[in-house]
Each structure stands twice: as structure tokens, then as C-alpha cells.
$ cat model.tsv   # TSV, C-alpha atoms
chain	number	residue	atom	x	y	z
A	799	MET	CA	-153.96	62.39	-61.61
A	800	THR	CA	-157.03	62.18	-63.86
A	801	SER	CA	-156.67	61.32	-67.52
A	802	ALA	CA	-157.74	64.85	-68.45
A	803	ALA	CA	-155.10	66.36	-66.18
A	804	ALA	CA	-152.46	64.00	-67.60
A	805	ARG	CA	-153.40	65.03	-71.12
A	806	GLY	CA	-153.17	68.66	-70.11
A	807	LEU	CA	-149.71	68.18	-68.62
A	808	LEU	CA	-148.53	66.33	-71.71
A	809	LEU	CA	-149.83	69.10	-73.99
A	810	ALA	CA	-148.03	71.69	-71.86
A	811	LEU	CA	-144.79	69.73	-72.10
A	812	LEU	CA	-145.22	69.30	-75.85
A	813	CYS	CA	-145.69	73.04	-76.21
A	814	ALA	CA	-142.64	73.75	-74.07
A	815	ALA	CA	-140.56	71.32	-76.10
A	816	ALA	CA	-141.61	72.98	-79.33
A	817	CYS	CA	-140.98	76.44	-77.95
A	818	ALA	CA	-137.52	75.44	-76.73
A	819	THR	CA	-136.45	75.09	-80.37
A	820	ALA	CA	-138.25	78.21	-81.57
A	821	GLN	CA	-136.59	80.49	-79.02
A	822	ARG	CA	-133.20	80.29	-80.72
A	823	PRO	CA	-132.72	83.60	-82.58
A	824	PRO	CA	-132.36	83.51	-86.37
A	825	VAL	CA	-128.88	83.76	-87.85
A	826	PRO	CA	-128.40	87.24	-89.32
A	827	ALA	CA	-127.70	87.44	-93.05
A	828	ILE	CA	-124.22	88.95	-93.32
A	829	ALA	CA	-122.21	88.81	-96.54
A	830	TYR	CA	-118.55	89.62	-97.19
A	831	PRO	CA	-117.98	91.90	-98.99
A	832	PRO	CA	-121.36	93.59	-98.56
A	833	ALA	CA	-123.74	94.30	-101.45
A	834	PRO	CA	-123.61	95.47	-104.17
A	835	GLN	CA	-120.29	93.62	-104.47
A	836	GLN	CA	-120.24	89.90	-105.23
A	837	ALA	CA	-120.40	88.00	-101.94
A	838	ARG	CA	-117.46	85.68	-101.29
A	839	ALA	CA	-118.36	84.56	-97.76
A	840	PHE	CA	-121.37	84.43	-95.43
A	841	TYR	CA	-121.76	84.44	-91.67
A	842	ARG	CA	-123.29	81.15	-90.50
A	843	GLY	CA	-123.59	81.49	-86.72
A	844	GLU	CA	-121.73	81.03	-83.45
A	845	ILE	CA	-121.21	78.52	-80.69
A	846	ARG	CA	-120.84	79.86	-77.15
A	847	SER	CA	-122.15	76.93	-75.15
A	848	ASP	CA	-123.93	73.61	-75.31
A	849	GLN	CA	-127.17	75.52	-75.83
A	850	ASP	CA	-125.94	76.66	-79.26
A	851	VAL	CA	-125.28	73.14	-80.47
A	852	GLU	CA	-127.94	71.71	-82.72
A	853	THR	CA	-129.97	69.00	-81.02
A	854	SER	CA	-131.89	66.35	-82.86
A	855	GLY	CA	-135.00	64.57	-81.79
A	856	PHE	CA	-138.25	65.41	-80.08
A	857	TRP	CA	-137.44	63.49	-76.89
A	858	HIS	CA	-134.30	65.53	-76.29
A	859	ARG	CA	-136.33	68.73	-76.48
A	860	LEU	CA	-138.98	67.23	-74.24
A	861	ALA	CA	-136.41	66.25	-71.62
A	862	THR	CA	-134.91	69.74	-71.76
A	863	ALA	CA	-138.31	71.34	-71.29
A	864	PHE	CA	-139.16	69.01	-68.39
A	865	ALA	CA	-135.83	69.63	-66.63
A	866	GLY	CA	-136.28	73.39	-66.80
A	867	GLU	CA	-133.64	76.08	-67.03
A	868	ARG	CA	-130.04	75.22	-66.22
A	869	LYS	CA	-126.73	76.99	-66.43
A	870	PRO	CA	-125.18	76.46	-69.86
A	871	VAL	CA	-121.79	74.80	-70.29
A	872	ALA	CA	-119.89	77.54	-72.07
A	873	PHE	CA	-116.50	78.42	-73.49
A	874	GLU	CA	-114.28	80.64	-71.36
A	875	ALA	CA	-111.26	81.37	-73.57
A	876	PRO	CA	-111.43	79.31	-76.79
A	877	THR	CA	-107.92	79.34	-78.22
A	878	ASP	CA	-107.49	76.99	-81.15
A	879	VAL	CA	-109.91	75.04	-83.28
A	880	THR	CA	-109.85	72.22	-85.81
A	881	PHE	CA	-112.15	69.65	-87.40
A	882	ASP	CA	-111.71	65.91	-86.98
A	883	PRO	CA	-112.34	63.47	-89.87
A	884	SER	CA	-116.03	63.15	-88.94
A	885	GLY	CA	-116.57	66.92	-88.96
A	886	ARG	CA	-116.68	67.40	-85.20
A	887	LEU	CA	-115.27	70.67	-83.93
A	888	LEU	CA	-112.32	70.37	-81.54
A	889	VAL	CA	-111.55	73.44	-79.44
A	890	THR	CA	-108.87	74.10	-76.83
A	891	ASP	CA	-110.12	76.32	-74.03
A	892	ALA	CA	-107.23	77.81	-72.09
A	893	GLY	CA	-109.65	79.35	-69.58
A	894	ARG	CA	-111.12	75.98	-68.70
A	895	HIS	CA	-107.79	74.12	-69.04
A	896	ALA	CA	-109.76	71.81	-71.28
A	897	LEU	CA	-110.38	70.31	-74.67
A	898	VAL	CA	-113.96	70.74	-75.90
A	899	ILE	CA	-115.42	68.31	-78.43
A	900	VAL	CA	-118.43	69.76	-80.25
A	901	ASP	CA	-120.68	67.54	-82.32
A	902	ARG	CA	-123.12	69.99	-83.89
A	903	SER	CA	-125.31	67.39	-85.55
A	904	GLY	CA	-125.47	65.10	-82.54
A	905	GLY	CA	-126.01	67.86	-79.99
A	906	HIS	CA	-122.89	67.16	-77.93
A	907	PHE	CA	-120.67	69.73	-76.20
A	908	ASP	CA	-118.22	67.58	-74.23
A	909	VAL	CA	-115.63	69.20	-71.98
A	910	VAL	CA	-112.51	67.07	-71.50
A	911	ALA	CA	-110.72	68.42	-68.43
A	912	PRO	CA	-108.56	65.76	-66.79
A	913	THR	CA	-107.53	66.26	-63.19
A	914	GLY	CA	-104.51	65.39	-61.10
A	915	GLU	CA	-101.39	64.34	-62.96
A	916	ASP	CA	-103.36	64.22	-66.22
A	917	ALA	CA	-104.55	67.84	-65.95
A	918	LEU	CA	-103.96	70.14	-68.89
A	919	GLY	CA	-101.78	73.07	-67.86
A	920	LEU	CA	-102.14	75.41	-70.85
A	921	PRO	CA	-103.92	73.82	-73.82
A	922	LEU	CA	-103.08	75.74	-76.97
A	923	GLY	CA	-102.92	74.14	-80.41
A	924	VAL	CA	-105.15	71.23	-81.41
A	925	ALA	CA	-105.12	68.77	-84.32
A	926	ALA	CA	-106.59	65.38	-85.24
A	927	ASP	CA	-105.19	62.47	-87.21
A	928	GLY	CA	-106.97	60.25	-89.71
A	929	ALA	CA	-108.14	57.86	-87.00
A	930	GLY	CA	-109.71	60.69	-85.01
A	931	ARG	CA	-107.04	60.79	-82.29
A	932	ILE	CA	-106.68	64.30	-80.89
A	933	TYR	CA	-103.37	66.10	-80.28
A	934	VAL	CA	-103.25	69.03	-77.85
A	935	ALA	CA	-100.18	71.20	-77.31
A	936	ASP	CA	-99.74	71.92	-73.61
A	937	GLY	CA	-97.48	74.94	-73.36
A	938	LEU	CA	-97.12	74.65	-69.60
A	939	ARG	CA	-96.42	70.91	-69.38
A	940	ARG	CA	-94.06	70.97	-72.39
A	941	THR	CA	-95.84	68.08	-74.04
A	942	VAL	CA	-98.33	67.24	-76.74
A	943	ARG	CA	-101.17	65.26	-75.18
A	944	VAL	CA	-102.87	62.55	-77.22
A	945	PHE	CA	-106.54	61.73	-76.65
A	946	SER	CA	-108.87	59.15	-78.14
A	947	PRO	CA	-111.78	60.40	-80.28
A	948	GLU	CA	-113.92	60.10	-77.13
A	949	GLY	CA	-111.51	62.24	-75.08
A	950	LYS	CA	-109.68	59.52	-73.17
A	951	SER	CA	-106.05	60.34	-72.39
A	952	LEU	CA	-103.74	58.05	-74.37
A	953	ALA	CA	-100.18	59.38	-74.38
A	954	ARG	CA	-97.76	62.25	-73.91
A	955	ILE	CA	-95.28	63.34	-76.57
A	956	ASP	CA	-92.24	65.41	-75.55
A	957	ALA	CA	-89.86	64.73	-78.48
A	958	GLY	CA	-87.34	63.07	-76.21
A	959	GLY	CA	-87.56	65.87	-73.67
A	960	GLN	CA	-86.71	68.53	-76.25
A	961	LEU	CA	-89.99	70.43	-76.30
A	962	GLN	CA	-89.70	73.81	-74.58
A	963	ARG	CA	-93.11	75.44	-75.12
A	964	PRO	CA	-95.27	73.77	-77.75
A	965	THR	CA	-97.97	76.06	-79.09
A	966	GLY	CA	-99.28	75.13	-82.54
A	967	VAL	CA	-99.79	71.55	-83.72
A	968	ALA	CA	-100.85	70.11	-87.06
A	969	VAL	CA	-101.14	66.62	-88.52
A	970	ASP	CA	-100.37	65.47	-92.04
A	971	ARG	CA	-102.88	62.60	-92.11
A	972	ALA	CA	-101.65	61.20	-95.43
A	973	ARG	CA	-98.01	60.91	-94.33
A	974	GLY	CA	-98.49	60.25	-90.62
A	975	LEU	CA	-96.55	63.32	-89.50
A	976	LEU	CA	-97.06	65.54	-86.47
A	977	TYR	CA	-95.84	69.14	-86.65
A	978	VAL	CA	-95.22	71.03	-83.41
A	979	ALA	CA	-94.35	74.73	-83.15
A	980	ASP	CA	-91.75	75.01	-80.39
A	981	THR	CA	-92.05	78.75	-80.05
A	982	PRO	CA	-89.17	79.95	-77.81
A	983	VAL	CA	-86.54	77.99	-79.77
A	984	HIS	CA	-87.92	79.20	-83.13
A	985	LEU	CA	-88.45	75.72	-84.55
A	986	VAL	CA	-91.15	73.54	-85.98
A	987	ARG	CA	-90.45	69.97	-84.94
A	988	VAL	CA	-91.50	67.25	-87.37
A	989	LEU	CA	-92.37	63.98	-85.61
A	990	ARG	CA	-94.00	60.67	-86.35
A	991	LEU	CA	-97.37	60.26	-84.72
A	992	ASP	CA	-95.73	58.21	-81.98
A	993	GLY	CA	-93.42	61.13	-81.17
A	994	THR	CA	-90.31	59.88	-83.00
A	995	PRO	CA	-88.33	62.89	-84.31
A	996	VAL	CA	-87.96	63.20	-88.08
A	997	ARG	CA	-86.44	66.66	-88.65
A	998	THR	CA	-86.78	70.30	-87.67
A	999	LEU	CA	-87.69	73.38	-89.68
A	1000	GLY	CA	-86.68	76.94	-88.94
A	1001	GLY	CA	-84.01	78.30	-86.66
A	1002	HIS	CA	-83.91	81.84	-85.35
A	1003	GLY	CA	-83.71	84.55	-88.00
A	1004	GLU	CA	-85.45	86.60	-90.64
A	1005	GLY	CA	-84.18	84.81	-93.74
A	1006	PRO	CA	-86.20	82.46	-95.94
A	1007	GLY	CA	-87.12	79.38	-93.94
A	1008	GLN	CA	-85.93	80.86	-90.66
A	1009	MET	CA	-88.43	81.73	-87.93
A	1010	ASN	CA	-89.04	84.18	-85.14
A	1011	PHE	CA	-91.46	82.75	-82.57
A	1012	PRO	CA	-93.62	80.48	-84.76
A	1013	THR	CA	-97.02	79.74	-83.29
A	1014	PHE	CA	-100.08	78.42	-85.14
A	1015	LEU	CA	-99.73	75.72	-87.81
A	1016	SER	CA	-101.91	73.88	-90.30
A	1017	VAL	CA	-101.53	71.33	-93.08
A	1018	GLY	CA	-103.12	71.99	-96.45
A	1019	PRO	CA	-104.97	69.49	-98.64
A	1020	ARG	CA	-101.77	68.55	-100.50
A	1021	GLY	CA	-99.57	68.20	-97.45
A	1022	GLU	CA	-98.21	71.73	-97.42
A	1023	LEU	CA	-97.32	73.05	-93.97
A	1024	VAL	CA	-98.51	76.60	-93.24
A	1025	VAL	CA	-96.61	78.37	-90.44
A	1026	ASN	CA	-97.54	81.58	-88.67
A	1027	ASP	CA	-94.05	83.09	-88.31
A	1028	ALA	CA	-95.45	85.47	-85.72
A	1029	MET	CA	-92.66	87.92	-84.89
A	1030	ASN	CA	-91.47	88.05	-88.49
A	1031	PHE	CA	-95.07	89.11	-89.25
A	1032	ARG	CA	-95.36	86.69	-92.11
A	1033	VAL	CA	-96.62	83.31	-93.21
A	1034	GLN	CA	-94.31	80.62	-94.55
A	1035	VAL	CA	-95.44	77.61	-96.55
A	1036	PHE	CA	-93.33	74.43	-96.72
A	1037	GLY	CA	-93.73	71.36	-98.88
A	1038	PRO	CA	-94.26	67.87	-97.45
A	1039	GLU	CA	-90.51	67.19	-97.46
A	1040	GLY	CA	-89.70	70.43	-95.68
A	1041	GLU	CA	-88.80	72.52	-98.72
A	1042	LEU	CA	-89.78	76.21	-98.54
A	1043	ARG	CA	-92.55	76.98	-101.03
A	1044	SER	CA	-93.49	80.59	-100.32
A	1045	THR	CA	-93.20	83.45	-97.85
A	1046	PHE	CA	-95.40	86.52	-97.61
A	1047	GLY	CA	-96.48	89.20	-95.16
A	1048	GLN	CA	-95.08	92.23	-93.40
A	1049	LEU	CA	-95.73	94.32	-90.31
A	1050	GLY	CA	-98.15	97.14	-90.92
A	1051	SER	CA	-101.68	98.44	-90.59
A	1052	GLY	CA	-102.56	98.53	-94.26
A	1053	SER	CA	-104.58	96.17	-96.40
A	1054	GLY	CA	-102.86	92.79	-96.51
A	1055	ASP	CA	-100.37	93.61	-93.75
A	1056	MET	CA	-100.10	91.63	-90.53
A	1057	SER	CA	-99.99	92.84	-86.96
A	1058	ARG	CA	-100.72	90.05	-84.49
A	1059	SER	CA	-101.31	87.06	-86.74
A	1060	LYS	CA	-102.59	83.85	-85.17
A	1061	GLY	CA	-104.41	80.91	-86.75
A	1062	VAL	CA	-103.66	79.85	-90.31
A	1063	ALA	CA	-105.24	77.44	-92.80
A	1064	MET	CA	-105.10	76.58	-96.51
A	1065	ASP	CA	-108.00	75.60	-98.77
A	1066	GLU	CA	-108.16	73.42	-101.88
A	1067	ARG	CA	-107.25	76.34	-104.13
A	1068	GLY	CA	-104.12	77.12	-102.16
A	1069	HIS	CA	-105.64	80.23	-100.59
A	1070	VAL	CA	-104.20	80.97	-97.15
A	1071	PHE	CA	-106.46	82.15	-94.31
A	1072	VAL	CA	-104.87	84.16	-91.48
A	1073	ALA	CA	-106.59	85.32	-88.27
A	1074	ASP	CA	-105.22	88.57	-86.84
A	1075	ALA	CA	-105.89	89.35	-83.18
A	1076	LEU	CA	-105.13	93.06	-83.50
A	1077	PHE	CA	-107.07	93.69	-86.71
A	1078	ASP	CA	-109.93	91.56	-85.30
A	1079	ASN	CA	-110.54	89.83	-88.59
A	1080	PHE	CA	-109.29	87.05	-90.79
A	1081	GLN	CA	-107.68	87.70	-94.14
A	1082	ILE	CA	-107.53	85.48	-97.21
A	1083	PHE	CA	-104.49	85.53	-99.50
A	1084	ASP	CA	-103.63	83.76	-102.73
A	1085	ARG	CA	-100.42	81.72	-103.04
A	1086	SER	CA	-98.37	84.78	-103.91
A	1087	GLY	CA	-99.59	86.71	-100.85
A	1088	ARG	CA	-102.07	88.94	-102.66
A	1089	LEU	CA	-104.98	89.88	-100.41
A	1090	LEU	CA	-108.29	88.53	-101.73
A	1091	LEU	CA	-110.71	89.31	-98.90
A	1092	PHE	CA	-110.92	90.18	-95.22
A	1093	VAL	CA	-113.78	89.21	-92.93
A	1094	GLY	CA	-114.72	90.90	-89.67
A	1095	GLU	CA	-113.97	93.93	-87.53
A	1096	HIS	CA	-113.71	94.73	-83.83
A	1097	GLY	CA	-116.82	94.18	-81.77
A	1098	ARG	CA	-119.12	91.73	-80.04
A	1099	ALA	CA	-121.89	91.44	-82.62
A	1100	ALA	CA	-122.33	88.64	-85.13
A	1101	GLY	CA	-119.39	88.53	-87.53
A	1102	GLN	CA	-117.27	90.83	-85.36
A	1103	PHE	CA	-114.25	89.73	-83.35
A	1104	TRP	CA	-112.36	90.49	-80.20
A	1105	MET	CA	-108.97	88.84	-80.39
A	1106	PRO	CA	-109.54	85.94	-82.81
A	1107	THR	CA	-106.93	83.21	-82.44
A	1108	GLY	CA	-107.33	79.73	-83.93
A	1109	LEU	CA	-108.84	79.16	-87.36
A	1110	ALA	CA	-109.74	75.99	-89.27
A	1111	LEU	CA	-111.40	74.88	-92.50
A	1112	ASP	CA	-113.73	72.01	-93.32
A	1113	GLY	CA	-114.49	72.36	-97.02
A	1114	PRO	CA	-116.17	75.76	-97.44
A	1115	LEU	CA	-116.84	76.06	-93.69
A	1116	VAL	CA	-114.52	78.35	-91.67
A	1117	ALA	CA	-114.40	78.16	-87.87
A	1118	VAL	CA	-112.68	80.92	-85.88
A	1119	ALA	CA	-111.94	80.90	-82.16
A	1120	ASP	CA	-113.13	84.36	-81.08
A	1121	ARG	CA	-111.24	84.19	-77.80
A	1122	SER	CA	-112.18	87.35	-75.89
A	1123	ASN	CA	-115.80	87.05	-77.00
A	1124	GLY	CA	-115.89	83.50	-75.62
A	1125	ARG	CA	-117.21	81.85	-78.76
A	1126	VAL	CA	-116.43	80.09	-82.01
A	1127	GLN	CA	-117.85	81.78	-85.08
A	1128	LEU	CA	-118.73	79.97	-88.30
A	1129	PHE	CA	-118.54	81.29	-91.86
A	1130	GLU	CA	-119.09	79.71	-95.27
A	1131	MET	CA	-117.04	80.51	-98.35
A	1132	VAL	CA	-118.67	80.75	-101.77
A	1133	THR	CA	-117.22	78.12	-104.09
A	1134	GLU	CA	-115.79	78.92	-107.52
A	1135	ALA	CA	-118.69	77.07	-109.17
A	1136	GLU	CA	-121.21	79.16	-107.24
A	1137	LEU	CA	-119.38	82.35	-108.22
A	1138	GLU	CA	-119.49	81.36	-111.87
A	1139	GLU	CA	-123.20	80.61	-111.63
A	1140	GLY	CA	-123.91	83.73	-109.58
A	1141	GLU	CA	-125.37	81.68	-106.73
A	1142	ALA	CA	-124.99	81.97	-102.95
A	1143	PRO	CA	-124.72	78.90	-100.71
$ encode --input "model.tsv" --output "C-alpha cells"
Amino acid sequence: MTSAAARGLLLALLCAAACATAQRPPVPAIAYPPAPQQARAFYRGEIRSDQDVETSGFWHRLATAFAGERKPVAFEAPTDVTFDPSGRLLVTDAGRHALVIVDRSGGHFDVVAPTGEDALGLPLGVAADGAGRIYVADGLRRTVRVFSPEGKSLARIDAGGQLQRPTGVAVDRARGLLYVADTPVHLVRVLRLDGTPVRTLGGHGEGPGQMNFPTFLSVGPRGELVVNDAMNFRVQVFGPEGELRSTFGQLGSGSGDMSRSKGVAMDERGHVFVADALFDNFQIFDRSGRLLLFVGEHGRAAGQFWMPTGLALDGPLVAVADRSNGRVQLFEMVTEAELEEGEAP
């Protein structure tokens, strides 16, 4: 190849590498609630596959351009979502029987799908401890699987053989506690991170502190446990020692009601976020259960949902597993300081 031809090929590759970044469509500007009301949240994009993960560096783009088109590695049925201490997104994908580790800044979309005896049967809830270890509830295998931050299988937790169908999991990083929603026996099991039982919460019923098929869980910034008490159509909040703090919610189709509640989370202000798979949105409540805002509606477009399930917070960032749309959607909440200053993030 002549030097002129080599220069021409290099220029073509440089152009292709540049274009590979430019082809990504812009994120639509969507505010909640819409103008002229004061915006409280903004749509920030979606992740469907490895092609939606931000990549850094010219040489990565050049290699992609040189390799040509390939089939993306995509979600099939993203079910639950959380953030690890480094801000990576951890997603269980029941369709792939896998855990997916998404590093948006590093450009990684790693599918952890063990085979053989280590295979995940039905990965549901996901959580991470302070060291970055990952906990996945396997509803079919009746265990909570523990993985290293890199996705290497480390251990199985079965609470001494007591787990019947673990669904939601959450970790209190400050206290070293693992919470597991054991749905068919209407309990949340409180364990040490090594699986040693500490206590149980719940018991079948409708009274305060009782539960009726609990599913998704999360731990708030101050160690409060948030429980989706699914078939009581309510959320219950417990203190770090297991004391009941609050209960709110009821079955209905009106504003602030619940129908098929799923993922839950709590922010620094004590606001509780609840994804609802029938309303196709997520709702935000204050500590007393007063509705503050809802985000989303049924559909496939940006900011719409089709059966949202898991939900997680990382500061003002909200990630929602939009299961039937095969994606994770990202939103950003406006902080109190920004509201006071009249600014948008």
C-alpha cells in the first residue's frame, strides 16, 4: 500500500470513528411536571444495550469503526436495579438468567451468566455491600448468590435452608445487614452478610408490621428499611432495629394509590419512591404518604414505561428497570437548593 493510500485509509477510519459517536441520538428534554409548572425531575436517557453505554477514548471508537457493525449485547427482561459504591449500575435480567454490570463512564456492559451448577435460575432482587460485593436473590434456587465486584461467584446464602422464594434484597452497609424478602412466607429475613440469621420482620396479615407477599426492598440513607408490602398495596418503613416507623398506601386507581407496586427507594429527605407496574410510572411520597410527584405513563417512548419493576437512587439520579421495554431509564431529581434558586440541573 502506498503512503497516500495509507493516509486515505487512516482518514476514512478517523471519520468513521468520529461519526460513530455522532450517530447517537440526542436525549430529549422532558421535565416532570411539564411547563409552566416548576420542574422537579428530568429525563436523562436510557440503556438498552452495550451500545448505549458511554465509551471513552478515541482508540475505542476507532476499534469499533474498524470492526464494523455487530449485534449489540442487550437487556431482555431487566428486573431489578441498584448502584454499587462506585456508581456502577447492577441489573438482574430474568430473561438472560444473568446479572449485568454496567459501568457507564468506563464503557462496560458485562453480562454475568454462570453455567452448570452455578447457573442463576431466576435472578430477581439485587444489592451491593460497602465492599462492592453483589447479592442476587435467586427465586428458583432459593438462595441469595454472592458475587465479587468483578462478577465472580463467591457464595450462596440460604438462611440455614429456610429461604422459600427470595425476591427482594437490600444491604445496610453501615450495619452489615442483609435483608431478604421471602415472599410466600410473608417475611423479611434479617441476616448478617455471611448469612447468619438475626431476626425476621412481618408475618402474614394486614396489621401494622405484618405483610402480605413482600417483594422489593431498599435501605435508606439512615438505615431505614423500605418494604413493598405488595398484596397489602402499601409501603412499610422500619427502623434499623426493626421497629415500624410508618405505613402508607392503599389499593386504587386514584392519585397516590397503588395497584401493582414494585421497586422502592428512599432519598436523603426521607421521600419514598415507588414503581408501579400497572400505572406504568413511579410515584414519590413524603414520609407521611402524601403524593409529591409521579413520573411516566404507559408507552415505549422516552420517559414512558411498560411494566417498570426495580428502582434505585444514587444521589439525585433515579434508575428504573423498564422490564417489558427491555431497558433501564435514567432520571434526575431537582435538588432543594436548585428549587430555591430556580435552577435546573
$ closest_atom_pairs --input "model.tsv" --of "segment 879-952 of chain A" --to "segment 1008-1016 of chain A" --cutoff "12 Å" --atoms "all atoms listed in the file" --output "JSON lines"
{"residue": "A:Val879", "atom": "CA", "partner": "A:Phe1014", "partner_atom": "CA", "distance": 10.6}
{"residue": "A:Thr880", "atom": "CA", "partner": "A:Ser1016", "partner_atom": "CA", "distance": 9.3}
{"residue": "A:Phe881", "atom": "CA", "partner": "A:Ser1016", "partner_atom": "CA", "distance": 11.5}
{"residue": "A:Leu922", "atom": "CA", "partner": "A:Phe1014", "partner_atom": "CA", "distance": 9.1}
{"residue": "A:Gly923", "atom": "CA", "partner": "A:Phe1014", "partner_atom": "CA", "distance": 7.0}
{"residue": "A:Val924", "atom": "CA", "partner": "A:Leu1015", "partner_atom": "CA", "distance": 9.5}
{"residue": "A:Ala925", "atom": "CA", "partner": "A:Ser1016", "partner_atom": "CA", "distance": 8.5}
{"residue": "A:Ala926", "atom": "CA", "partner": "A:Ser1016", "partner_atom": "CA", "distance": 10.9}
{"residue": "A:Ala935", "atom": "CA", "partner": "A:Phe1014", "partner_atom": "CA", "distance": 10.7}
{"residue": "A:Gly937", "atom": "CA", "partner": "A:Thr1013", "partner_atom": "CA", "distance": 11.0}
$ write_last_selection --input "model.tsv" --atoms "C-alpha atoms" --output "PDB file, keeping the file's coordinate frame"
ATOM      1  CA  VAL A 879    -109.910  75.040 -83.280  1.00  0.00           C
ATOM      2  CA  THR A 880    -109.850  72.220 -85.810  1.00  0.00           C
ATOM      3  CA  PHE A 881    -112.150  69.650 -87.400  1.00  0.00           C
ATOM      4  CA  LEU A 922    -103.080  75.740 -76.970  1.00  0.00           C
ATOM      5  CA  GLY A 923    -102.920  74.140 -80.410  1.00  0.00           C
ATOM      6  CA  VAL A 924    -105.150  71.230 -81.410  1.00  0.00           C
ATOM      7  CA  ALA A 925    -105.120  68.770 -84.320  1.00  0.00           C
ATOM      8  CA  ALA A 926    -106.590  65.380 -85.240  1.00  0.00           C
ATOM      9  CA  ALA A 935    -100.180  71.200 -77.310  1.00  0.00           C
ATOM     10  CA  GLY A 937     -97.480  74.940 -73.360  1.00  0.00           C
TER      11      GLY A 937
END
$ closest_residue --input "model.tsv" --among "A:Ser951, A:Gln1081, A:Gln835, A:Thr890" --to "His1069 of chain A" --atoms "all atoms listed in the file"
A:Gln1081
$ residues_around --input "model.tsv" --residues "Val969 of chain A" --least-positions-apart "3" --cutoff "6 Å" --atoms "all atoms listed in the file" --output "list in words"
Asp927, Leu975 and Leu976 of chain A
$ closest_residue --input "model.tsv" --among "A:Asp908, A:Glu948, A:Asp901, A:Ala837" --to "Phe1092 of chain A" --atoms "all atoms listed in the file"
A:Ala837
$ residues_around --input "model.tsv" --residues "Gln1127 of chain A" --least-positions-apart "6" --cutoff "8 Å" --atoms "all atoms listed in the file" --output "list of chain:residue names"
A:Arg842, A:Gly843, A:Glu844, A:Ile845, A:Gly1101, A:Ala1117, A:Val1118, A:Ala1119, A:Asp1120
$ atom_distance --input "model.tsv" --atom1 "atom CA of Arg1043 of chain A" --atom2 "atom CA of Asp1027 of chain A"
14.2 Å
$ closest_residue --input "model.tsv" --among "A:Phe1083, A:Phe1129, A:Phe907, A:Phe1077" --to "Trp1104 of chain A" --atoms "all atoms listed in the file"
A:Phe1077
$ closest_residue --input "model.tsv" --among "A:Pro995, A:Gly1001, A:Gly1050, A:Gly1018" --to "Leu1076 of chain A" --atoms "only C-alpha atoms"
A:Gly1050
$ axis_aligned_box --input "model.tsv" --around "segment 1056-1068 of chain A" --padding-each-side "4 Å" --output "lines of an AutoDock Vina configuration file"
center_x = -104.1
center_y = 83.1
center_z = -94.3
size_x = 16.2
size_y = 27.4
size_z = 27.6
$ atom_distance --input "model.tsv" --atom1 "atom CA of Thr1133 of chain A" --atom2 "atom CA of Arg902 of chain A"
22.6 Å
$ closest_residue --input "model.tsv" --among "A:Ala829, A:Leu1049, A:Met1029, A:Val988" --to "Met1131 of chain A" --atoms "all atoms listed in the file"
A:Ala829
$ closest_residue --input "model.tsv" --among "A:Met1056, A:Pro947, A:Ser1122, A:Leu897" --to "Val934 of chain A" --atoms "all atoms listed in the file"
A:Leu897
$ atom_distance --input "model.tsv" --atom1 "atom CA of Leu952 of chain A" --atom2 "atom CA of Leu1109 of chain A"
25.3 Å
$ residues_around --input "model.tsv" --residues "Arg1121 of chain A" --least-positions-apart "5" --cutoff "12 Å" --atoms "all atoms listed in the file" --output "MDAnalysis selection string"
chainID A and resid 845:846 873:879 889:893 922 1060:1061 1073:1075 1078 1098 1102:1109 1126:1127
$ write_last_selection --input "model.tsv" --atoms "C-alpha atoms" --output "PDB file, in the frame of the given file"
ATOM      1  CA  ILE A 845    -121.210  78.520 -80.690  1.00  0.00           C
ATOM      2  CA  ARG A 846    -120.840  79.860 -77.150  1.00  0.00           C
ATOM      3  CA  PHE A 873    -116.500  78.420 -73.490  1.00  0.00           C
ATOM      4  CA  GLU A 874    -114.280  80.640 -71.360  1.00  0.00           C
ATOM      5  CA  ALA A 875    -111.260  81.370 -73.570  1.00  0.00           C
ATOM      6  CA  PRO A 876    -111.430  79.310 -76.790  1.00  0.00           C
ATOM      7  CA  THR A 877    -107.920  79.340 -78.220  1.00  0.00           C
ATOM      8  CA  ASP A 878    -107.490  76.990 -81.150  1.00  0.00           C
ATOM      9  CA  VAL A 879    -109.910  75.040 -83.280  1.00  0.00           C
ATOM     10  CA  VAL A 889    -111.550  73.440 -79.440  1.00  0.00           C
ATOM     11  CA  THR A 890    -108.870  74.100 -76.830  1.00  0.00           C
ATOM     12  CA  ASP A 891    -110.120  76.320 -74.030  1.00  0.00           C
ATOM     13  CA  ALA A 892    -107.230  77.810 -72.090  1.00  0.00           C
ATOM     14  CA  GLY A 893    -109.650  79.350 -69.580  1.00  0.00           C
ATOM     15  CA  LEU A 922    -103.080  75.740 -76.970  1.00  0.00           C
ATOM     16  CA  LYS A1060    -102.590  83.850 -85.170  1.00  0.00           C
ATOM     17  CA  GLY A1061    -104.410  80.910 -86.750  1.00  0.00           C
ATOM     18  CA  ALA A1073    -106.590  85.320 -88.270  1.00  0.00           C
ATOM     19  CA  ASP A1074    -105.220  88.570 -86.840  1.00  0.00           C
ATOM     20  CA  ALA A1075    -105.890  89.350 -83.180  1.00  0.00           C
ATOM     21  CA  ASP A1078    -109.930  91.560 -85.300  1.00  0.00           C
ATOM     22  CA  ARG A1098    -119.120  91.730 -80.040  1.00  0.00           C
ATOM     23  CA  GLN A1102    -117.270  90.830 -85.360  1.00  0.00           C
ATOM     24  CA  PHE A1103    -114.250  89.730 -83.350  1.00  0.00           C
ATOM     25  CA  TRP A1104    -112.360  90.490 -80.200  1.00  0.00           C
ATOM     26  CA  MET A1105    -108.970  88.840 -80.390  1.00  0.00           C
ATOM     27  CA  PRO A1106    -109.540  85.940 -82.810  1.00  0.00           C
ATOM     28  CA  THR A1107    -106.930  83.210 -82.440  1.00  0.00           C
ATOM     29  CA  GLY A1108    -107.330  79.730 -83.930  1.00  0.00           C
ATOM     30  CA  LEU A1109    -108.840  79.160 -87.360  1.00  0.00           C
ATOM     31  CA  VAL A1126    -116.430  80.090 -82.010  1.00  0.00           C
ATOM     32  CA  GLN A1127    -117.850  81.780 -85.080  1.00  0.00           C
TER      33      GLN A1127
END
